[in-house]
Each structure stands twice: as structure tokens, then as C-alpha cells.
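Here is protein01.pdb, consisting of PDB, C-alpha atoms, pLDDT in the B column:
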```pdb
MODEL        1
ATOM      1  CA  MET J   1       0.000   0.000   0.000  1.00 84.00           C
ATOM      2  CA  VAL J   2       2.872   2.364   0.885  1.00 84.00           C
ATOM      3  CA  ALA J   3       4.649   1.569  -2.395  1.00 86.00           C
ATOM      4  CA  VAL J   4       1.491   2.299  -4.395  1.00 85.00           C
ATOM      5  CA  SER J   5       1.021   5.601  -2.548  1.00 85.00           C
ATOM      6  CA  ILE J   6       4.637   6.650  -3.197  1.00 89.00           C
ATOM      7  CA  THR J   7       4.331   5.734  -6.894  1.00 89.00           C
ATOM      8  CA  CYS J   8       1.123   7.772  -7.191  1.00 86.00           C
ATOM      9  CA  ALA J   9       2.735  10.746  -5.441  1.00 85.00           C
ATOM     10  CA  ILE J  10       5.751  10.641  -7.793  1.00 91.00           C
ATOM     11  CA  THR J  11       3.500  10.403 -10.862  1.00 90.00           C
ATOM     12  CA  VAL J  12       1.337  13.338  -9.751  1.00 88.00           C
ATOM     13  CA  THR J  13       4.418  15.439  -8.935  1.00 90.00           C
ATOM     14  CA  GLU J  14       5.917  14.676 -12.351  1.00 91.00           C
ATOM     15  CA  ALA J  15       2.662  15.706 -14.069  1.00 88.00           C
ATOM     16  CA  VAL J  16       2.480  18.983 -12.131  1.00 87.00           C
ATOM     17  CA  VAL J  17       6.117  19.877 -12.885  1.00 88.00           C
ATOM     18  CA  SER J  18       5.632  19.043 -16.572  1.00 86.00           C
ATOM     19  CA  THR J  19       2.510  21.219 -16.712  1.00 83.00           C
ATOM     20  CA  HIS J  20       4.381  24.142 -15.130  1.00 81.00           C
ATOM     21  CA  ARG J  21       7.216  23.796 -17.669  1.00 81.00           C
ATOM     22  CA  THR J  22       4.767  23.769 -20.569  1.00 76.00           C
ATOM     23  CA  ARG J  23       2.870  26.753 -19.207  1.00 75.00           C
ATOM     24  CA  ARG J  24       6.132  28.716 -18.841  1.00 72.00           C
ATOM     25  CA  ALA J  25       7.106  27.905 -22.442  1.00 64.00           C
ATOM     26  CA  TRP J  26       3.757  29.176 -23.735  1.00 69.00           C
ATOM     27  CA  SER J  27       3.479  32.183 -21.463  1.00 68.00           C
ATOM     28  CA  ALA J  28       7.044  33.489 -21.791  1.00 67.00           C
ATOM     29  CA  ASP J  29       7.027  35.972 -24.643  1.00 82.00           C
ATOM     30  CA  VAL J  30      10.227  36.692 -26.536  1.00 86.00           C
ATOM     31  CA  PRO J  31      10.895  39.516 -29.014  1.00 89.00           C
ATOM     32  CA  VAL J  32      11.162  38.377 -32.643  1.00 90.00           C
ATOM     33  CA  LEU J  33      11.525  40.206 -35.938  1.00 90.00           C
ATOM     34  CA  VAL J  34       8.766  39.813 -38.541  1.00 91.00           C
ATOM     35  CA  ALA J  35       8.182  41.255 -41.990  1.00 90.00           C
ATOM     36  CA  ALA J  36       5.989  44.352 -41.693  1.00 90.00           C
ATOM     37  CA  ALA J  37       5.045  44.166 -45.389  1.00 90.00           C
ATOM     38  CA  ASP J  38       5.646  41.838 -48.323  1.00 91.00           C
ATOM     39  CA  ILE J  39       9.379  41.624 -49.079  1.00 89.00           C
ATOM     40  CA  ASP J  40      10.760  40.572 -52.473  1.00 89.00           C
ATOM     41  CA  LYS J  41      13.698  38.218 -52.937  1.00 83.00           C
ATOM     42  CA  GLY J  42      16.957  40.173 -52.715  1.00 80.00           C
ATOM     43  CA  GLU J  43      15.335  43.186 -51.035  1.00 86.00           C
ATOM     44  CA  GLU J  44      17.311  44.745 -48.206  1.00 85.00           C
ATOM     45  CA  LEU J  45      15.764  44.437 -44.746  1.00 87.00           C
ATOM     46  CA  THR J  46      15.235  47.760 -43.014  1.00 86.00           C
ATOM     47  CA  LEU J  47      13.346  49.132 -40.039  1.00 86.00           C
ATOM     48  CA  ALA J  48      10.649  50.227 -42.499  1.00 89.00           C
ATOM     49  CA  ASN J  49       9.858  46.725 -43.796  1.00 90.00           C
ATOM     50  CA  SER J  50      10.315  44.807 -40.530  1.00 89.00           C
ATOM     51  CA  ARG J  51       9.111  45.156 -36.958  1.00 91.00           C
ATOM     52  CA  VAL J  52       9.557  43.573 -33.541  1.00 90.00           C
ATOM     53  CA  ARG J  53       6.739  41.431 -32.207  1.00 90.00           C
ATOM     54  CA  ARG J  54       6.441  39.317 -29.072  1.00 89.00           C
ATOM     55  CA  MET J  55       5.580  35.624 -29.408  1.00 87.00           C
ATOM     56  CA  PRO J  56       5.401  32.629 -27.062  1.00 84.00           C
ATOM     57  CA  ARG J  57       8.775  30.925 -26.779  1.00 80.00           C
ATOM     58  CA  ALA J  58       7.188  27.577 -27.733  1.00 76.00           C
ATOM     59  CA  LEU J  59       6.261  28.914 -31.205  1.00 82.00           C
ATOM     60  CA  VAL J  60       9.623  30.510 -31.990  1.00 84.00           C
ATOM     61  CA  PRO J  61      12.147  28.562 -34.127  1.00 84.00           C
ATOM     62  CA  SER J  62      15.697  28.293 -32.835  1.00 80.00           C
ATOM     63  CA  ASP J  63      17.186  30.460 -35.623  1.00 81.00           C
ATOM     64  CA  VAL J  64      14.764  33.383 -35.254  1.00 86.00           C
ATOM     65  CA  VAL J  65      16.218  36.893 -35.563  1.00 84.00           C
ATOM     66  CA  SER J  66      15.452  39.317 -32.737  1.00 84.00           C
ATOM     67  CA  SER J  67      17.397  42.293 -34.086  1.00 84.00           C
ATOM     68  CA  LEU J  68      18.049  43.443 -37.625  1.00 81.00           C
ATOM     69  CA  PRO J  69      21.435  42.231 -38.915  1.00 78.00           C
ATOM     70  CA  ALA J  70      23.469  44.829 -40.799  1.00 75.00           C
ATOM     71  CA  ASP J  71      23.299  44.744 -44.613  1.00 75.00           C
ATOM     72  CA  SER J  72      21.016  41.703 -44.731  1.00 81.00           C
ATOM     73  CA  THR J  73      18.738  40.887 -47.626  1.00 82.00           C
ATOM     74  CA  SER J  74      15.962  38.398 -48.138  1.00 83.00           C
ATOM     75  CA  ARG J  75      16.900  35.024 -49.634  1.00 79.00           C
ATOM     76  CA  VAL J  76      13.275  34.403 -50.701  1.00 82.00           C
ATOM     77  CA  SER J  77      10.093  36.416 -51.129  1.00 87.00           C
ATOM     78  CA  LEU J  78       8.334  36.906 -47.789  1.00 89.00           C
ATOM     79  CA  ARG J  79       4.720  37.699 -46.950  1.00 91.00           C
ATOM     80  CA  ALA J  80       3.830  40.222 -44.257  1.00 90.00           C
ATOM     81  CA  ASN J  81       4.035  38.868 -40.685  1.00 89.00           C
ATOM     82  CA  THR J  82       6.515  36.122 -41.644  1.00 89.00           C
ATOM     83  CA  LEU J  83       9.099  35.415 -38.955  1.00 88.00           C
ATOM     84  CA  LEU J  84      12.602  36.440 -39.999  1.00 89.00           C
ATOM     85  CA  THR J  85      15.001  33.565 -39.412  1.00 85.00           C
ATOM     86  CA  LEU J  86      18.611  33.026 -40.409  1.00 80.00           C
ATOM     87  CA  SER J  87      17.443  30.587 -43.081  1.00 76.00           C
ATOM     88  CA  VAL J  88      15.500  33.291 -44.989  1.00 82.00           C
ATOM     89  CA  LEU J  89      18.234  35.943 -44.752  1.00 82.00           C
ATOM     90  CA  VAL J  90      21.294  36.287 -46.938  1.00 76.00           C
ATOM     91  CA  PRO J  91      24.194  36.900 -44.590  1.00 65.00           C
ATOM     92  CA  ASP J  92      26.741  39.593 -45.237  1.00 62.00           C
ATOM     93  CA  ALA J  93      29.608  37.875 -47.108  1.00 56.00           C
ATOM     94  CA  GLU J  94      32.017  38.915 -44.373  1.00 57.00           C
ATOM     95  CA  SER J  95      29.949  37.089 -41.759  1.00 63.00           C
ATOM     96  CA  VAL J  96      30.235  33.645 -43.404  1.00 75.00           C
ATOM     97  CA  ALA J  97      32.700  31.666 -41.306  1.00 78.00           C
ATOM     98  CA  VAL J  98      35.438  29.605 -42.925  1.00 84.00           C
ATOM     99  CA  PRO J  99      36.070  26.421 -40.918  1.00 88.00           C
ATOM    100  CA  THR J 100      39.525  26.059 -39.399  1.00 91.00           C
ATOM    101  CA  GLY J 101      41.997  24.604 -41.869  1.00 92.00           C
ATOM    102  CA  TRP J 102      39.822  25.161 -44.938  1.00 93.00           C
ATOM    103  CA  ARG J 103      41.093  27.215 -47.869  1.00 92.00           C
ATOM    104  CA  VAL J 104      39.346  29.795 -50.028  1.00 91.00           C
ATOM    105  CA  VAL J 105      39.468  29.174 -53.781  1.00 90.00           C
ATOM    106  CA  ALA J 106      38.330  31.713 -56.375  1.00 88.00           C
ATOM    107  CA  LEU J 107      36.741  30.022 -59.367  1.00 87.00           C
ATOM    108  CA  PRO J 108      36.942  31.273 -62.967  1.00 85.00           C
ATOM    109  CA  ASP J 109      34.506  33.935 -64.152  1.00 82.00           C
ATOM    110  CA  ASP J 110      33.239  31.760 -67.013  1.00 82.00           C
ATOM    111  CA  ILE J 111      31.566  29.282 -64.634  1.00 81.00           C
ATOM    112  CA  VAL J 112      27.800  29.645 -64.680  1.00 78.00           C
ATOM    113  CA  PRO J 113      26.779  28.765 -61.119  1.00 79.00           C
ATOM    114  CA  PRO J 114      23.236  28.063 -59.979  1.00 81.00           C
ATOM    115  CA  ASP J 115      21.403  30.818 -58.081  1.00 82.00           C
ATOM    116  CA  LEU J 116      23.652  31.085 -55.008  1.00 83.00           C
ATOM    117  CA  THR J 117      24.090  33.366 -52.026  1.00 80.00           C
ATOM    118  CA  PRO J 118      26.943  33.582 -49.516  1.00 81.00           C
ATOM    119  CA  GLY J 119      26.629  30.808 -46.959  1.00 83.00           C
ATOM    120  CA  ASP J 120      25.114  28.280 -49.389  1.00 86.00           C
ATOM    121  CA  ARG J 121      26.655  24.805 -49.612  1.00 90.00           C
ATOM    122  CA  VAL J 122      27.866  23.437 -52.947  1.00 92.00           C
ATOM    123  CA  ASP J 123      29.699  20.453 -54.414  1.00 93.00           C
ATOM    124  CA  ILE J 124      32.580  20.986 -56.844  1.00 92.00           C
ATOM    125  CA  VAL J 125      32.637  18.641 -59.847  1.00 91.00           C
ATOM    126  CA  ILE J 126      35.688  18.301 -62.093  1.00 89.00           C
ATOM    127  CA  GLY J 127      35.009  16.457 -65.310  1.00 86.00           C
ATOM    128  CA  THR J 128      32.827  13.542 -64.232  1.00 88.00           C
ATOM    129  CA  SER J 129      33.986  13.178 -60.628  1.00 89.00           C
ATOM    130  CA  VAL J 130      33.103  15.041 -57.459  1.00 91.00           C
ATOM    131  CA  ALA J 131      36.248  16.778 -56.191  1.00 90.00           C
ATOM    132  CA  ALA J 132      34.813  18.441 -53.076  1.00 91.00           C
ATOM    133  CA  ILE J 133      31.593  17.981 -51.123  1.00 92.00           C
ATOM    134  CA  ASP J 134      29.780  20.526 -48.949  1.00 91.00           C
ATOM    135  CA  CYS J 135      31.922  23.560 -49.793  1.00 92.00           C
ATOM    136  CA  ILE J 136      30.786  26.982 -48.528  1.00 90.00           C
ATOM    137  CA  VAL J 137      30.031  29.859 -50.912  1.00 88.00           C
ATOM    138  CA  LEU J 138      31.786  33.013 -49.685  1.00 85.00           C
ATOM    139  CA  GLY J 139      31.288  35.368 -52.598  1.00 82.00           C
ATOM    140  CA  ILE J 140      29.407  35.474 -55.866  1.00 79.00           C
ATOM    141  CA  THR J 141      31.333  37.945 -58.035  1.00 76.00           C
ATOM    142  CA  PRO J 142      33.861  36.416 -58.399  1.00 81.00           C
ATOM    143  CA  LEU J 143      32.643  33.031 -57.221  1.00 86.00           C
ATOM    144  CA  ALA J 144      34.723  32.086 -54.176  1.00 89.00           C
ATOM    145  CA  VAL J 145      34.242  28.944 -52.104  1.00 91.00           C
ATOM    146  CA  ALA J 146      35.755  27.576 -48.914  1.00 92.00           C
ATOM    147  CA  VAL J 147      37.092  24.086 -49.595  1.00 94.00           C
ATOM    148  CA  PRO J 148      38.319  21.344 -47.219  1.00 94.00           C
ATOM    149  CA  PRO J 149      42.140  21.129 -47.230  1.00 93.00           C
ATOM    150  CA  ASP J 150      42.284  17.678 -48.854  1.00 93.00           C
ATOM    151  CA  ALA J 151      40.290  18.905 -51.877  1.00 92.00           C
ATOM    152  CA  VAL J 152      42.241  22.145 -52.509  1.00 91.00           C
ATOM    153  CA  PRO J 153      44.735  20.717 -55.060  1.00 91.00           C
ATOM    154  CA  ALA J 154      42.003  19.108 -57.167  1.00 90.00           C
ATOM    155  CA  VAL J 155      39.731  22.183 -57.083  1.00 89.00           C
ATOM    156  CA  ALA J 156      42.615  24.554 -57.906  1.00 87.00           C
ATOM    157  CA  ALA J 157      43.724  22.323 -60.812  1.00 87.00           C
ATOM    158  CA  GLY J 158      40.156  22.065 -62.099  1.00 86.00           C
ATOM    159  CA  ALA J 159      39.758  25.839 -61.894  1.00 84.00           C
ATOM    160  CA  ARG J 160      43.006  26.318 -63.827  1.00 84.00           C
ATOM    161  CA  LEU J 161      42.032  23.798 -66.515  1.00 82.00           C
ATOM    162  CA  GLY J 162      38.474  25.126 -66.769  1.00 77.00           C
ATOM    163  CA  ASP J 163      36.735  21.743 -66.494  1.00 81.00           C
ATOM    164  CA  ILE J 164      34.867  22.580 -63.291  1.00 87.00           C
ATOM    165  CA  SER J 165      31.199  22.797 -62.297  1.00 87.00           C
ATOM    166  CA  VAL J 166      29.434  24.001 -59.173  1.00 90.00           C
ATOM    167  CA  VAL J 167      26.421  22.034 -57.974  1.00 89.00           C
ATOM    168  CA  ALA J 168      24.095  23.486 -55.306  1.00 88.00           C
ATOM    169  CA  ARG J 169      23.299  21.243 -52.346  1.00 80.00           C
ATOM    170  CA  PRO J 170      19.728  20.969 -51.032  1.00 74.00           C
TER     171      PRO J 170
ENDMDL
END
```

Could I get this file's structure written as C-alpha cells?
Amino acid sequence: MVAVSITCAITVTEAVVSTHRTRRAWSADVPVLVAAADIDKGEELTLANSRVRRMPRALVPSDVVSSLPADSTSRVSLRANTLLTLSVLVPDAESVAVPTGWRVVALPDDIVPPDLTPGDRVDIVIGTSVAAIDCIVLGITPLAVAVPPDAVPAVAAGARLGDISVVARP
């Protein structure tokens, strides 16, 4: 009888604590940035076309933006009241981090890349083989990518020979 009572007490306590946690997540408002009007792809984000709004923490994605990043533009077209997250913003090219040990390779101007923005991930194909996987786009004009150190010789040789392609990753 005592064991059953203790088990019931633990279960009820667990349910009450869980309910309090859930209530806090829904009741705690956090400031987020939303589109104040429709924003076209490539349009610069300003204080005029965005505004701060408070939302329950439980509804806010982890990459939400709470303050307007400098020189940021929209990666896609946005409807009014859309949450601004890092995934819908084009970062400033200077803010894209190059992993430690990676090298930056500038690719020839005659390459016709897919529609890319700084921070996108791409694969580098030379001839019929993939020379580098998951490279980071740093700049568009000229096209510059961060490449893992083991792939630098192949990518540099492919760029010099001109038999190179850039494939966007999903």
C-alpha cells in the first residue's frame, strides 16, 4: 500500500512539474523580428519593412532573428508577418565563417553557377567526378568557395584547366 502511494505521489508530482514547464514555455514571450510588409527576394531588410513582435517561446524557431542584422537581404520572397530567421536571410559575405583549416578558392569567371548566395553549400565537380563535397560559398562575383584542405589541389587544378562545375546542395 505504501509503495502504491509513493508511486502515485511521484507520478502526480511529475505531471504537475511538466505542466508548469509547458505553461512557462507558452506564457514566456520573446521579441522576434517579422516582416511588416511583403518583401521581395533580394530586397534589403530595413526598419521600415520589418518590426519587432512578441511571441510565445514555444512557437519561436531556434534560428529566429530578434534584431536586424546589418546589410542583410531576403533570400526568398516573404509575406507580411513572416518570422525572420537566419534561413531566410542572406548573410553579409564577411559574416560567413570559414572552418579552421579550410582554404578559399576563387573560381573562374566563365563558370555559370546556380542561383547562389553567400553561406550556401555546394559540391565541386571536375570532369565527371566530385572533387569536393559541402563547400561553402563566400562570394558570388567572383565566385569564391571555402574548400576542405584535402580537396584544394584538385579544385585549384580544375579551376586552372576550366573543367569545373558548381552544384548546389539541397

- Message: Suppose a student applies the PyMOL selection byres ((chain J and resi 120) around 10) to this structure; what residues should they get, written as a list in words?
- Response: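 For this structure, the PyMOL selection byres ((chain J and resi 120) around 10) captures Val90, Pro91, Val96, Asp115, Leu116, Thr117, Pro118, Gly119, Arg121, Val122, Asp134, Cys135, Ile136, Val137, Leu138, Gly139, Val145, Ala168, Arg169 and Pro170 of chain J.
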
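Put simply, the PyMOL selection byres ((chain J and resi 103) around 7) on this file hits Gly101, Trp102, Val104, Val105, Ala146, Val147, Pro148, Pro149 and Val152 of chain J.
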
- Close residues, Val60 of chain J itself excluded, 12 Å, only C-alpha atoms, min 2 positions apart in chain, as JSON, numbers by chain: {"J": [25, 26, 28, 29, 30, 31, 32, 33, 34, 53, 54, 55, 56, 57, 58, 62, 63, 64, 65, 66, 82, 83, 84, 85]}

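Using only C-alpha atoms, the nearest neighbour of Ile39 of chain J within the list J:Leu143, J:Val52, J:Val2, J:Val76 is J:Val76.
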
- Residues selected by the PyMOL selection byres ((chain J and resi 43) around 6), written as a VMD selection string: chain J and resid 40 to 42 44 73 to 74

- Task: Take atom CA of Ser67 of chain J and atom CA of Val88 of chain J and report the distance between them in Å, one decimal.
- Result: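 About the pair atom CA of Ser67 of chain J and atom CA of Val88 of chain J: they are 14.3 Å apart.
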
- Point (31.3, 32.8, -62.3) neighbourhood (9 Å, all atoms listed in the file) written as a list of chain:residue names: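 All residues meeting the 9 Å criterion around (31.3, 32.8, -62.3) are J:Leu107, J:Pro108, J:Asp109, J:Asp110, J:Ile111, J:Val112, J:Pro113, J:Ile140, J:Thr141, J:Pro142, J:Leu143, J:Ala144.
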
- Message: I'd like the neighbourhood of Leu161 of chain J as a PyMOL selection string, where a residue qualifies if any of its atoms comes within 10 Å (using all atoms listed in the file), though same-chain residues fewer than 5 positions away should be ignored.
- Response: chain J and resi 108+126+155-156

- Task: Work out how far atom CA of Arg75 of chain J is from atom CA of Leu47 of chain J, in Å to one decimal.
- Result: 17.4 Å

- Message: As an exercise, work out the distance from atom CA of Pro114 of chain J to atom CA of Leu89 of chain J in Å and give it to one decimal place.
- Response: 17.9 Å

For segment 123-128 of chain J, what centre and edge lengths in Å (one decimal) does the axis-aligned box get once 8 Å is added on each side of all its listed atoms, as JSON?
```
{"center_x": 32.7, "center_y": 17.3, "center_z": -59.9, "size_x": 22.0, "size_y": 23.4, "size_z": 26.9}
```

- Message: I need the residue nearest Gly162 of chain J from this list: J:Arg21, J:Gly127, J:Thr13, J:Leu45. Use only C-alpha atoms for the distance.
- Response: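 Using only C-alpha atoms, the shortest distance to Gly162 of chain J belongs to J:Gly127.
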
- Item | Top pick for closest residue to Val130 of chain J, considering J:Val166, J:Ala106, J:Val17, J:Leu78 and counting all atoms listed in the file |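 Result for the nearest residue to Val130 of chain J: J:Val166.
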